[in-house]
>>> print(open('query27.cif').read())   # mmCIF, C-alpha atoms and all ligand atoms
data_protein
#
loop_
_atom_site.label_atom_id
_atom_site.label_comp_id
_atom_site.auth_asym_id
_atom_site.auth_seq_id
_atom_site.Cartn_x
_atom_site.Cartn_y
_atom_site.Cartn_z
CA MET A 92 -11.97 -22.00 29.97
CA THR A 93 -12.32 -18.22 30.42
CA GLN A 94 -15.74 -16.82 29.60
CA THR A 95 -15.83 -13.19 28.45
CA VAL A 96 -18.39 -10.59 27.50
CA PHE A 97 -17.38 -8.24 24.73
CA SER A 98 -18.49 -4.64 25.26
CA SER A 99 -18.87 -2.61 22.09
CA ASP A 100 -20.03 0.38 24.21
CA GLU A 101 -16.70 0.57 26.05
CA LEU A 102 -14.82 0.40 22.78
CA LEU A 103 -16.98 3.07 21.13
CA LEU A 104 -16.62 5.38 24.10
CA TRP A 105 -12.84 4.96 24.03
CA PHE A 106 -12.79 5.71 20.29
CA GLU A 107 -14.88 8.84 20.73
CA LYS A 108 -12.31 10.21 23.18
CA ASN A 109 -9.08 8.89 21.69
CA GLN A 110 -9.41 8.75 17.92
CA ARG A 111 -6.72 10.48 15.90
CA PRO A 112 -7.95 13.60 14.07
CA LEU A 113 -7.53 12.28 10.52
CA PRO A 114 -8.64 14.47 7.58
CA TRP A 115 -11.28 12.05 6.25
CA ARG A 116 -12.88 11.84 9.72
CA LYS A 117 -13.98 15.48 9.53
CA THR A 118 -16.90 14.95 7.14
CA TYR A 119 -16.64 11.31 6.02
CA ASP A 120 -16.82 12.46 2.41
CA PRO A 121 -17.03 9.14 0.50
CA TYR A 122 -14.33 10.19 -1.99
CA TRP A 123 -11.93 11.05 0.82
CA VAL A 124 -12.69 7.80 2.65
CA TRP A 125 -12.12 5.82 -0.54
CA ILE A 126 -8.76 7.49 -1.25
CA SER A 127 -7.67 6.99 2.36
CA GLU A 128 -8.56 3.30 2.34
CA ILE A 129 -6.65 2.67 -0.88
CA MET A 130 -3.62 4.55 0.44
CA LEU A 131 -3.72 2.78 3.79
CA GLN A 132 -3.44 -0.66 2.23
CA GLN A 133 0.24 -1.51 2.85
CA THR A 134 1.00 2.00 4.17
CA ARG A 135 0.91 3.35 7.74
CA VAL A 136 -1.34 6.30 8.59
CA ASP A 137 1.53 8.66 9.49
CA GLN A 138 3.32 7.83 6.22
CA ALA A 139 0.18 8.22 4.12
CA LEU A 140 -1.00 11.58 5.52
CA PRO A 141 1.26 13.92 3.50
CA PHE A 142 0.46 11.95 0.33
CA PHE A 143 -3.24 12.13 1.10
CA ASP A 144 -3.16 15.93 1.49
CA ARG A 145 -1.23 16.43 -1.73
CA PHE A 146 -3.44 14.01 -3.66
CA ILE A 147 -6.73 15.53 -2.47
CA THR A 148 -5.50 19.06 -3.15
CA ARG A 149 -4.61 18.19 -6.74
CA PHE A 150 -7.58 15.86 -7.37
CA PRO A 151 -10.37 17.24 -5.16
CA SER A 152 -13.17 15.14 -6.67
CA VAL A 153 -13.84 11.88 -8.48
CA ASN A 154 -14.30 13.84 -11.71
CA ALA A 155 -11.00 15.69 -11.30
CA LEU A 156 -9.22 12.38 -10.75
CA GLY A 157 -10.94 10.73 -13.72
CA LYS A 158 -9.94 13.60 -16.03
CA ALA A 159 -6.23 13.55 -15.07
CA SER A 160 -3.65 11.63 -17.08
CA GLU A 161 -2.40 8.33 -15.69
CA GLN A 162 1.12 9.75 -15.67
CA GLU A 163 0.08 12.61 -13.40
CA VAL A 164 -1.82 10.29 -11.05
CA LEU A 165 1.28 8.10 -10.79
CA LYS A 166 3.38 11.19 -10.10
CA TYR A 167 1.14 12.06 -7.14
CA TRP A 168 1.39 8.44 -5.94
CA GLU A 169 5.17 8.46 -6.22
CA GLY A 170 6.74 7.19 -2.99
CA LEU A 171 3.67 5.24 -1.84
CA GLY A 172 4.59 2.16 -3.89
CA TYR A 173 2.19 -0.56 -5.04
CA TYR A 174 1.39 1.50 -8.11
CA SER A 175 -1.37 -0.82 -9.31
CA ARG A 176 -3.43 0.80 -6.53
CA ALA A 177 -3.05 4.19 -8.23
CA ARG A 178 -3.77 2.82 -11.69
CA ASN A 179 -6.91 1.05 -10.47
CA LEU A 180 -8.03 4.12 -8.54
CA HIS A 181 -7.71 6.17 -11.70
CA LYS A 182 -9.65 3.58 -13.76
CA ALA A 183 -12.34 3.40 -11.08
CA ALA A 184 -12.66 7.22 -10.97
CA LYS A 185 -13.32 7.26 -14.71
CA ILE A 186 -16.03 4.62 -14.30
CA VAL A 187 -17.64 6.46 -11.35
CA ALA A 188 -17.56 9.73 -13.31
CA LYS A 189 -19.19 8.13 -16.35
CA LYS A 190 -21.56 5.59 -14.83
CA HIS A 191 -22.48 7.21 -11.50
CA GLY A 192 -22.23 10.93 -12.35
CA GLY A 193 -19.09 11.34 -10.21
CA VAL A 194 -20.79 10.05 -7.04
CA LEU A 195 -19.25 6.98 -5.43
CA PRO A 196 -21.89 4.25 -5.04
CA SER A 197 -22.74 3.34 -1.46
CA GLY A 198 -23.57 -0.35 -1.93
CA TYR A 199 -21.03 -3.02 -0.99
CA PHE A 200 -21.61 -5.00 -4.19
CA GLU A 201 -21.57 -1.93 -6.46
CA LEU A 202 -18.27 -0.91 -4.88
CA LEU A 203 -16.88 -4.42 -5.44
CA GLU A 204 -17.41 -3.98 -9.18
CA LEU A 205 -14.90 -1.13 -9.32
CA PRO A 206 -11.24 -1.79 -10.16
CA GLY A 207 -9.02 -2.04 -7.09
CA ILE A 208 -11.90 -2.58 -4.66
CA GLY A 209 -11.94 -5.98 -2.99
CA PRO A 210 -13.93 -7.24 0.02
CA TYR A 211 -11.89 -5.24 2.55
CA VAL A 212 -12.15 -1.86 0.79
CA ALA A 213 -15.82 -2.43 -0.10
CA ALA A 214 -16.62 -3.15 3.57
CA ALA A 215 -14.49 -0.24 4.79
CA VAL A 216 -15.94 2.32 2.37
CA SER A 217 -19.56 1.19 2.70
CA SER A 218 -19.31 1.26 6.50
CA ILE A 219 -17.05 4.27 7.12
CA ALA A 220 -18.41 6.53 4.38
CA PHE A 221 -22.04 5.35 4.40
CA ASN A 222 -22.42 3.72 7.83
CA GLN A 223 -23.67 0.47 6.32
CA ASP A 224 -23.50 -2.65 8.47
CA HIS A 225 -20.40 -4.37 7.08
CA ALA A 226 -17.67 -5.58 9.43
CA VAL A 227 -14.09 -4.97 8.27
CA LEU A 228 -11.11 -7.27 8.69
CA ASP A 229 -7.64 -5.82 8.35
CA GLY A 230 -4.37 -6.75 10.05
CA ASN A 231 -5.22 -4.73 13.15
CA VAL A 232 -8.67 -6.25 13.45
CA PHE A 233 -7.33 -9.81 13.06
CA ARG A 234 -4.93 -9.17 15.93
CA VAL A 235 -7.52 -7.62 18.25
CA LEU A 236 -10.10 -10.34 17.60
CA ALA A 237 -7.57 -13.17 17.98
CA ARG A 238 -6.60 -11.81 21.41
CA VAL A 239 -10.02 -10.80 22.67
CA PHE A 240 -11.67 -14.08 21.68
CA GLY A 241 -8.63 -16.31 22.19
CA VAL A 242 -8.68 -17.54 18.58
CA ALA A 243 -5.53 -19.60 18.06
CA VAL A 244 -5.82 -20.32 14.32
CA ASP A 245 -3.14 -19.15 11.88
CA ILE A 246 -4.23 -15.73 10.58
CA ARG A 247 -2.11 -16.21 7.44
CA GLN A 248 -4.22 -19.18 6.34
CA PRO A 249 -7.03 -18.13 3.96
CA SER A 250 -9.34 -20.63 5.72
CA SER A 251 -9.08 -18.61 8.96
CA ARG A 252 -10.74 -15.62 7.38
CA LYS A 253 -14.22 -17.15 7.60
CA LYS A 254 -13.87 -17.67 11.33
CA PHE A 255 -12.70 -14.09 11.97
CA GLN A 256 -15.35 -12.66 9.65
CA SER A 257 -18.09 -14.45 11.54
CA ILE A 258 -16.77 -13.11 14.88
CA ALA A 259 -16.52 -9.57 13.44
CA ASP A 260 -20.07 -9.83 12.03
CA SER A 261 -21.42 -11.12 15.33
CA ILE A 262 -20.08 -8.19 17.42
CA LEU A 263 -20.93 -5.39 14.97
CA PRO A 264 -23.52 -3.16 16.65
CA VAL A 265 -26.31 -2.52 14.13
CA GLY A 266 -26.35 1.05 12.83
CA ARG A 267 -22.92 1.92 14.26
CA ALA A 268 -20.56 0.33 11.75
CA ARG A 269 -18.82 3.61 10.86
CA MET A 270 -17.53 4.16 14.38
CA PHE A 271 -17.24 0.53 15.43
CA ASN A 272 -15.03 -0.57 12.54
CA GLN A 273 -12.76 2.41 13.01
CA ALA A 274 -12.66 1.83 16.77
CA LEU A 275 -11.46 -1.76 16.34
CA MET A 276 -8.81 -0.69 13.81
CA GLU A 277 -7.73 2.24 15.99
CA LEU A 278 -7.46 0.01 19.05
CA GLY A 279 -5.18 -2.30 17.04
CA ALA A 280 -3.09 0.62 15.83
CA LEU A 281 -2.70 2.43 19.16
CA ILE A 282 -3.24 -0.01 22.05
CA CYS A 283 -3.40 -3.64 20.97
CA VAL A 284 -0.11 -3.30 19.11
CA PRO A 285 1.81 -6.34 17.82
CA GLU A 286 4.74 -6.77 20.22
CA VAL A 287 3.75 -5.38 23.62
CA PRO A 288 0.05 -4.43 23.79
CA LEU A 289 -0.80 -1.64 26.23
CA CYS A 290 -3.37 -3.72 28.10
CA ALA A 291 -3.45 -1.43 31.14
CA GLN A 292 -4.94 1.30 28.95
CA CYS A 293 -7.27 -0.99 27.02
CA PRO A 294 -10.99 -0.24 27.29
CA ILE A 295 -12.01 -3.87 26.69
CA LYS A 296 -9.46 -5.70 28.82
CA SER A 297 -12.10 -7.10 31.19
CA GLY A 298 -13.52 -9.04 28.25
CA CYS A 299 -10.21 -10.06 26.64
CA ILE A 300 -9.17 -13.72 26.84
CA ALA A 301 -5.51 -13.02 26.00
CA PHE A 302 -5.33 -10.47 28.83
CA LEU A 303 -7.16 -12.61 31.36
CA GLU A 304 -5.06 -15.69 30.56
CA GLY A 305 -1.75 -13.84 29.97
CA ARG A 306 -1.55 -15.06 26.36
CA GLN A 307 -0.95 -11.73 24.58
CA SER A 308 2.41 -12.86 23.16
CA GLU A 309 0.93 -16.13 21.81
CA LEU A 310 -1.87 -14.44 19.89
CA PRO A 311 -2.45 -13.97 17.06
CA VAL A 312 -0.92 -17.16 15.66
CA SER A 313 0.85 -16.30 12.43
CA SER A 314 3.08 -18.63 10.39
CA LYS A 315 6.33 -17.10 9.23
CA LYS A 316 6.44 -15.42 5.84
CA PRO A 317 8.75 -17.27 3.44
CA ALA A 318 12.03 -15.38 2.83
CA ARG A 319 11.98 -13.11 -0.22
CA PRO A 320 14.10 -14.28 -3.15
CA VAL A 321 16.87 -11.84 -4.13
CA ARG A 322 17.09 -10.57 -7.73
CA SER A 323 20.05 -8.57 -9.01
CA PHE A 324 19.88 -5.77 -11.55
CA ALA A 325 22.53 -3.74 -13.36
CA VAL A 326 21.54 -0.11 -13.87
CA ILE A 327 23.21 2.27 -16.31
CA ARG A 328 23.53 6.02 -15.76
CA VAL A 329 24.16 7.84 -19.01
CA PHE A 330 24.51 11.63 -18.86
CA GLN A 331 24.62 13.44 -22.19
CA GLY A 332 24.17 17.13 -23.04
CA GLY A 333 22.88 17.96 -19.56
CA ARG A 334 20.29 15.17 -19.63
CA TRP A 335 19.93 11.64 -18.28
CA TRP A 336 18.71 8.59 -20.13
CA LEU A 337 15.55 7.27 -18.47
CA ALA A 338 13.30 4.43 -19.57
CA SER A 339 9.69 3.78 -18.65
CA ASN A 340 8.44 0.37 -17.62
CA GLU A 341 6.19 -1.06 -20.31
CA LYS A 342 4.46 -3.67 -18.19
CA GLY A 343 4.22 -5.22 -14.77
CA LEU A 344 3.83 -3.61 -11.36
CA LEU A 345 5.83 -0.52 -12.30
CA LYS A 346 4.13 0.15 -15.64
CA GLY A 347 4.33 3.83 -16.56
CA LEU A 348 7.09 4.64 -14.04
CA TYR A 349 10.54 5.84 -15.08
CA SER A 350 14.04 4.95 -13.94
CA PHE A 351 17.57 4.67 -15.27
CA PRO A 352 17.56 1.70 -17.66
CA LEU A 353 18.23 -1.60 -15.94
CA VAL A 354 18.55 -5.29 -16.73
CA GLU A 355 18.42 -8.34 -14.52
CA TYR A 356 21.71 -10.21 -14.35
CA ALA A 357 23.62 -12.92 -12.50
CA PRO A 358 26.23 -11.11 -10.39
CA LEU A 359 28.46 -14.14 -9.91
CA SER A 360 28.66 -15.19 -13.54
CA ASP A 361 27.73 -12.33 -15.93
CA SER A 362 30.68 -10.28 -17.20
CA LYS A 363 30.31 -6.62 -18.18
CA GLN A 364 30.11 -7.71 -21.83
CA VAL A 365 27.20 -10.03 -21.03
CA ILE A 366 25.42 -7.22 -19.19
CA GLU A 367 26.00 -4.84 -22.12
CA GLU A 368 24.48 -7.44 -24.43
CA LYS A 369 21.45 -7.64 -22.16
CA PHE A 370 21.00 -3.85 -22.44
CA PHE A 371 21.08 -4.20 -26.22
CA GLU A 372 18.49 -7.00 -26.18
CA LYS A 373 16.15 -5.06 -23.92
CA PHE A 374 16.54 -1.48 -25.20
CA GLY A 375 18.04 -1.84 -28.70
CA VAL A 376 20.93 0.37 -27.58
CA ARG A 377 24.62 -0.56 -27.52
CA VAL A 378 26.19 0.64 -24.28
CA LYS A 379 29.59 0.59 -22.65
CA LEU A 380 29.63 0.25 -18.87
CA SER A 381 32.39 2.03 -16.99
CA LYS A 382 32.73 2.78 -13.29
CA GLU A 383 30.56 1.06 -10.69
CA ILE A 384 28.99 3.79 -8.55
CA GLY A 385 27.35 1.81 -5.79
CA SER A 386 24.31 -0.29 -5.04
CA VAL A 387 20.90 0.07 -3.43
CA ARG A 388 18.35 -2.38 -2.09
CA HIS A 389 14.62 -2.20 -2.53
CA ASP A 390 12.06 -4.64 -1.16
CA TYR A 391 8.94 -5.58 -3.07
CA THR A 392 6.28 -7.90 -1.68
CA HIS A 393 7.61 -10.92 -3.55
CA PHE A 394 11.31 -10.25 -3.94
CA ARG A 395 14.25 -8.19 -2.78
CA GLN A 396 15.90 -6.13 -5.52
CA ILE A 397 19.62 -5.39 -5.42
CA ALA A 398 20.53 -2.79 -8.03
CA VAL A 399 24.13 -1.99 -8.94
CA LEU A 400 24.59 1.38 -10.62
CA PHE A 401 27.19 1.84 -13.36
CA ASP A 402 28.22 4.95 -15.21
CA GLY A 403 28.17 4.33 -18.94
CA VAL A 404 28.00 5.73 -22.45
CA LEU A 405 25.99 4.96 -25.57
CA VAL A 406 27.89 3.29 -28.38
CA SER A 407 25.03 3.17 -30.88
CA GLY A 408 21.25 3.19 -31.10
CA GLU A 409 20.83 6.72 -29.72
CA LYS A 410 17.39 7.04 -31.31
CA GLN A 411 16.08 4.37 -28.94
CA ALA A 412 17.24 6.26 -25.84
CA VAL A 413 15.15 9.12 -24.46
CA PHE A 414 16.94 11.75 -22.39
CA PHE A 415 15.41 14.04 -19.76
CA SER A 416 16.60 17.22 -18.07
CA LYS A 417 16.33 17.58 -14.30
CA ALA A 418 13.19 19.73 -14.67
CA GLU A 419 11.59 17.16 -16.97
CA GLN A 420 12.42 14.37 -14.53
CA ASP A 421 10.69 16.25 -11.74
CA ALA A 422 7.43 15.98 -13.67
CA LEU A 423 7.78 12.24 -14.35
CA PRO A 424 6.55 9.46 -12.07
CA LEU A 425 9.75 7.78 -10.87
CA THR A 426 10.20 4.37 -9.26
CA LYS A 427 11.23 4.26 -5.61
CA LEU A 428 14.41 2.54 -6.77
CA GLN A 429 15.18 5.50 -9.04
CA GLN A 430 14.74 7.89 -6.14
CA LYS A 431 17.33 5.87 -4.21
CA LEU A 432 19.71 5.61 -7.19
CA ALA A 433 19.49 9.33 -7.92
CA VAL A 434 21.26 10.18 -4.66
CA LEU A 435 24.20 7.79 -5.11
S1 LIG B 501 -6.47 -6.29 26.75
FE1 LIG B 501 -4.52 -6.22 25.75
S2 LIG B 501 -4.51 -7.99 24.39
FE2 LIG B 501 -6.62 -7.61 24.98
S3 LIG B 501 -7.44 -6.33 23.37
FE3 LIG B 501 -6.73 -4.99 24.98
S4 LIG B 501 -4.63 -4.48 24.40
FE4 LIG B 501 -5.23 -6.26 23.20
#
>>> encode(input="query27.cif", output="structure tokens")
Amino acid sequence: MTQTVFSSDELLLWFEKNQRPLPWRKTYDPYWVWISEIMLQQTRVDQALPFFDRFITRFPSVNALGKASEQEVLKYWEGLGYYSRARNLHKAAKIVAKKHGGVLPSGYFELLELPGIGPYVAAAVSSIAFNQDHAVLDGNVFRVLARVFGVAVDIRQPSSRKKFQSIADSILPVGRARMFNQALMELGALICVPEVPLCAQCPIKSGCIAFLEGRQSELPVSSKKPARPVRSFAVIRVFQGGRWWLASNEKGLLKGLYSFPLVEYAPLSDSKQVIEEKFFEKFGVRVKLSKEIGSVRHDYTHFRQIAVLFDGVLVSGEKQAVFFSKAEQDALPLTKLQQKLAVL
């Protein structure tokens, strides 16, 4: 069996020279680090950067964020998806403003008490913003550790987490968590990439089991994700007096976000009349569907949404329908699906 020696010095040196110049790395302002970590869950750095700049410009401090309306926060999150992150961030900002005078607490356990902050974000913020000795585990770190230490357990199994956490804890150099955690994540993002890792350029290859044994493609072990179920929705586009009918989601993941009204339906068995009845049940408005405009697909974590857009008119119940001009729509937080439908 290959014996290796992990060198945190080599990794730190590589990070010092090769790190990407990200805005929150300029001063490690805790608020900036916090926002970046929440945005980077489920979103790549290059995708998140323009959102980060816009968000920080509009909400430059915890207090500014806490004072904003939820609708405006959602508007500035529009396009990033996973809107519960924005709602929790907003709730947490209010708590930090009230309970901690607008200063983000530095302790791992105090951070964990805030909405939207779990073990990963608490470790990331306490280490990156405050340089506290907490090792982080994200997708990049799992991959790097599995390869370097030749760990062949399924990274999708919750039970594997303990093993990886103990490895990460054991190699964390005391007093250098800020740089070390980022270095591991950066190595995973830039060099130890999923398909074909760039081992020739890797600063820790001499201590990497996968490299020394040629097992890069076998590691990490990850069981396949189950296929997403497909759910079909009929969407109605009603244009009246220069305005469109939009409805806001009352609950669920998209709470507070607007889109053309839509209902779930069974495409193989529901007739137009059945769909119209579903609109009445959901919105209290009688509608008549006319031409089918087209369809769009949108993937959520747990299902794939197929939305078919119909032109239509209101038959009765106009009081229940709220119409918005183009300018008014621009100020509303819209679902990603709506952004796709709007260009059909
Ligand atoms: S040597 Fe290759 S497999 Fe090992 S950590 Fe570096 S990039 Fe990843």
>>> residues_around(input="query27.cif", residues="Pro114 of chain A", least_positions_apart="5", cutoff="9 Å", atoms="only C-alpha atoms", output="PyMOL selection string")
chain A and resi 119+123+140+143-144
>>> residues_near_point(input="query27.cif", point="(-0.4, 7.4, 9.2)", cutoff="12 Å", atoms="all atoms listed in the file", output="list of chain:residue names")
A:Arg111, A:Pro112, A:Leu113, A:Pro114, A:Ser127, A:Glu128, A:Met130, A:Leu131, A:Gln132, A:Gln133, A:Thr134, A:Arg135, A:Val136, A:Asp137, A:Gln138, A:Ala139, A:Leu140, A:Pro141, A:Phe142, A:Phe143, A:Asp144, A:Leu171, A:Glu277, A:Ala280, A:Leu281
>>> atom_distance(input="query27.cif", atom1="atom CA of Leu205 of chain A", atom2="atom CA of His181 of chain A")
10.5 Å
>>> residues_near_ligand(input="query27.cif", ligand="ligand LIG 501 (chain B)", cutoff="12 Å", atoms="all atoms listed in the file", output="PyMOL selection string")
chain A and resi 95+97-98+101-102+105+231-242+274-311
>>> atom_distance(input="query27.cif", atom1="atom CA of Ser257 of chain A", atom2="atom CA of Phe106 of chain A")
22.6 Å
>>> residues_around(input="query27.cif", residues="segment 258-270 of chain A", least_positions_apart="6", cutoff="7 Å", atoms="all atoms listed in the file", output="mmCIF file with C-alpha atoms, in the frame of the given file")
data_model
loop_
_atom_site.group_PDB
_atom_site.id
_atom_site.type_symbol
_atom_site.label_atom_id
_atom_site.label_comp_id
_atom_site.auth_asym_id
_atom_site.auth_seq_id
_atom_site.Cartn_x
_atom_site.Cartn_y
_atom_site.Cartn_z
ATOM 1 C CA LEU A 103 -16.980 3.070 21.130
ATOM 2 C CA SER A 218 -19.310 1.260 6.500
ATOM 3 C CA ILE A 219 -17.050 4.270 7.120
ATOM 4 C CA ASN A 222 -22.420 3.720 7.830
ATOM 5 C CA GLN A 223 -23.670 0.470 6.320
ATOM 6 C CA ASP A 224 -23.500 -2.650 8.470
ATOM 7 C CA HIS A 225 -20.400 -4.370 7.080
ATOM 8 C CA ALA A 226 -17.670 -5.580 9.430
#
>>> residues_around(input="query27.cif", residues="His393 of chain A", least_positions_apart="5", cutoff="12 Å", atoms="all atoms listed in the file", output="PyMOL selection string")
chain A and resi 173+316-322+344
>>> atom_distance(input="query27.cif", atom1="atom CA of Ala183 of chain A", atom2="atom CA of Asp229 of chain A")
22.0 Å
>>> residues_near_point(input="query27.cif", point="(-20.9, -5.4, -5.9)", cutoff="12 Å", atoms="all atoms listed in the file", output="list in words")
Pro196, Ser197, Gly198, Tyr199, Phe200, Glu201, Leu202, Leu203, Glu204, Leu205, Pro206, Ile208, Gly209, Pro210, Val212, Ala213, Ala214 and Ser217 of chain A
>>> residues_around(input="query27.cif", residues="Trp335 of chain A", least_positions_apart="4", cutoff="10 Å", atoms="all atoms listed in the file", output="count of residues only")
13
>>> closest_residue(input="query27.cif", among="A:Gly172, A:Pro358, A:Pro352, A:Gly157", to="Thr426 of chain A", atoms="all atoms listed in the file")
A:Gly172
>>> residues_around(input="query27.cif", residues="Lys185 of chain A", least_positions_apart="4", cutoff="10 Å", atoms="only C-alpha atoms", output="PyMOL selection string")
chain A and resi 153-159+179-181+189-193
>>> write_last_selection(input="query27.cif", atoms="C-alpha atoms", output="PDB file, in the coordinates of the input")
ATOM      1  CA  VAL A 153     -13.840  11.880  -8.480  1.00  0.00           C
ATOM      2  CA  ASN A 154     -14.300  13.840 -11.710  1.00  0.00           C
ATOM      3  CA  ALA A 155     -11.000  15.690 -11.300  1.00  0.00           C
ATOM      4  CA  LEU A 156      -9.220  12.380 -10.750  1.00  0.00           C
ATOM      5  CA  GLY A 157     -10.940  10.730 -13.720  1.00  0.00           C
ATOM      6  CA  LYS A 158      -9.940  13.600 -16.030  1.00  0.00           C
ATOM      7  CA  ALA A 159      -6.230  13.550 -15.070  1.00  0.00           C
ATOM      8  CA  ASN A 179      -6.910   1.050 -10.470  1.00  0.00           C
ATOM      9  CA  LEU A 180      -8.030   4.120  -8.540  1.00  0.00           C
ATOM     10  CA  HIS A 181      -7.710   6.170 -11.700  1.00  0.00           C
ATOM     11  CA  LYS A 189     -19.190   8.130 -16.350  1.00  0.00           C
ATOM     12  CA  LYS A 190     -21.560   5.590 -14.830  1.00  0.00           C
ATOM     13  CA  HIS A 191     -22.480   7.210 -11.500  1.00  0.00           C
ATOM     14  CA  GLY A 192     -22.230  10.930 -12.350  1.00  0.00           C
ATOM     15  CA  GLY A 193     -19.090  11.340 -10.210  1.00  0.00           C
TER      16      GLY A 193
END
>>> closest_residue(input="query27.cif", among="A:Lys342, A:Val434, A:Ala184, A:Ser323", to="Asp361 of chain A", atoms="all atoms listed in the file")
A:Ser323
>>> closest_residue(input="query27.cif", among="A:Val194, A:Ala243, A:Leu380, A:Leu435", to="Val406 of chain A", atoms="only C-alpha atoms")
A:Leu380
>>> closest_residue(input="query27.cif", among="A:Ala433, A:Leu353, A:Ile129, A:Val387", to="Ala338 of chain A", atoms="only C-alpha atoms")
A:Leu353
>>> axis_aligned_box(input="query27.cif", around="segment 142-152 of chain A", padding_each_side="3 Å", output="AutoDock Vina command-line options")
--center_x -6.4 --center_y 15.5 --center_z -2.9 --size_x 19.6 --size_y 13.1 --size_z 14.9
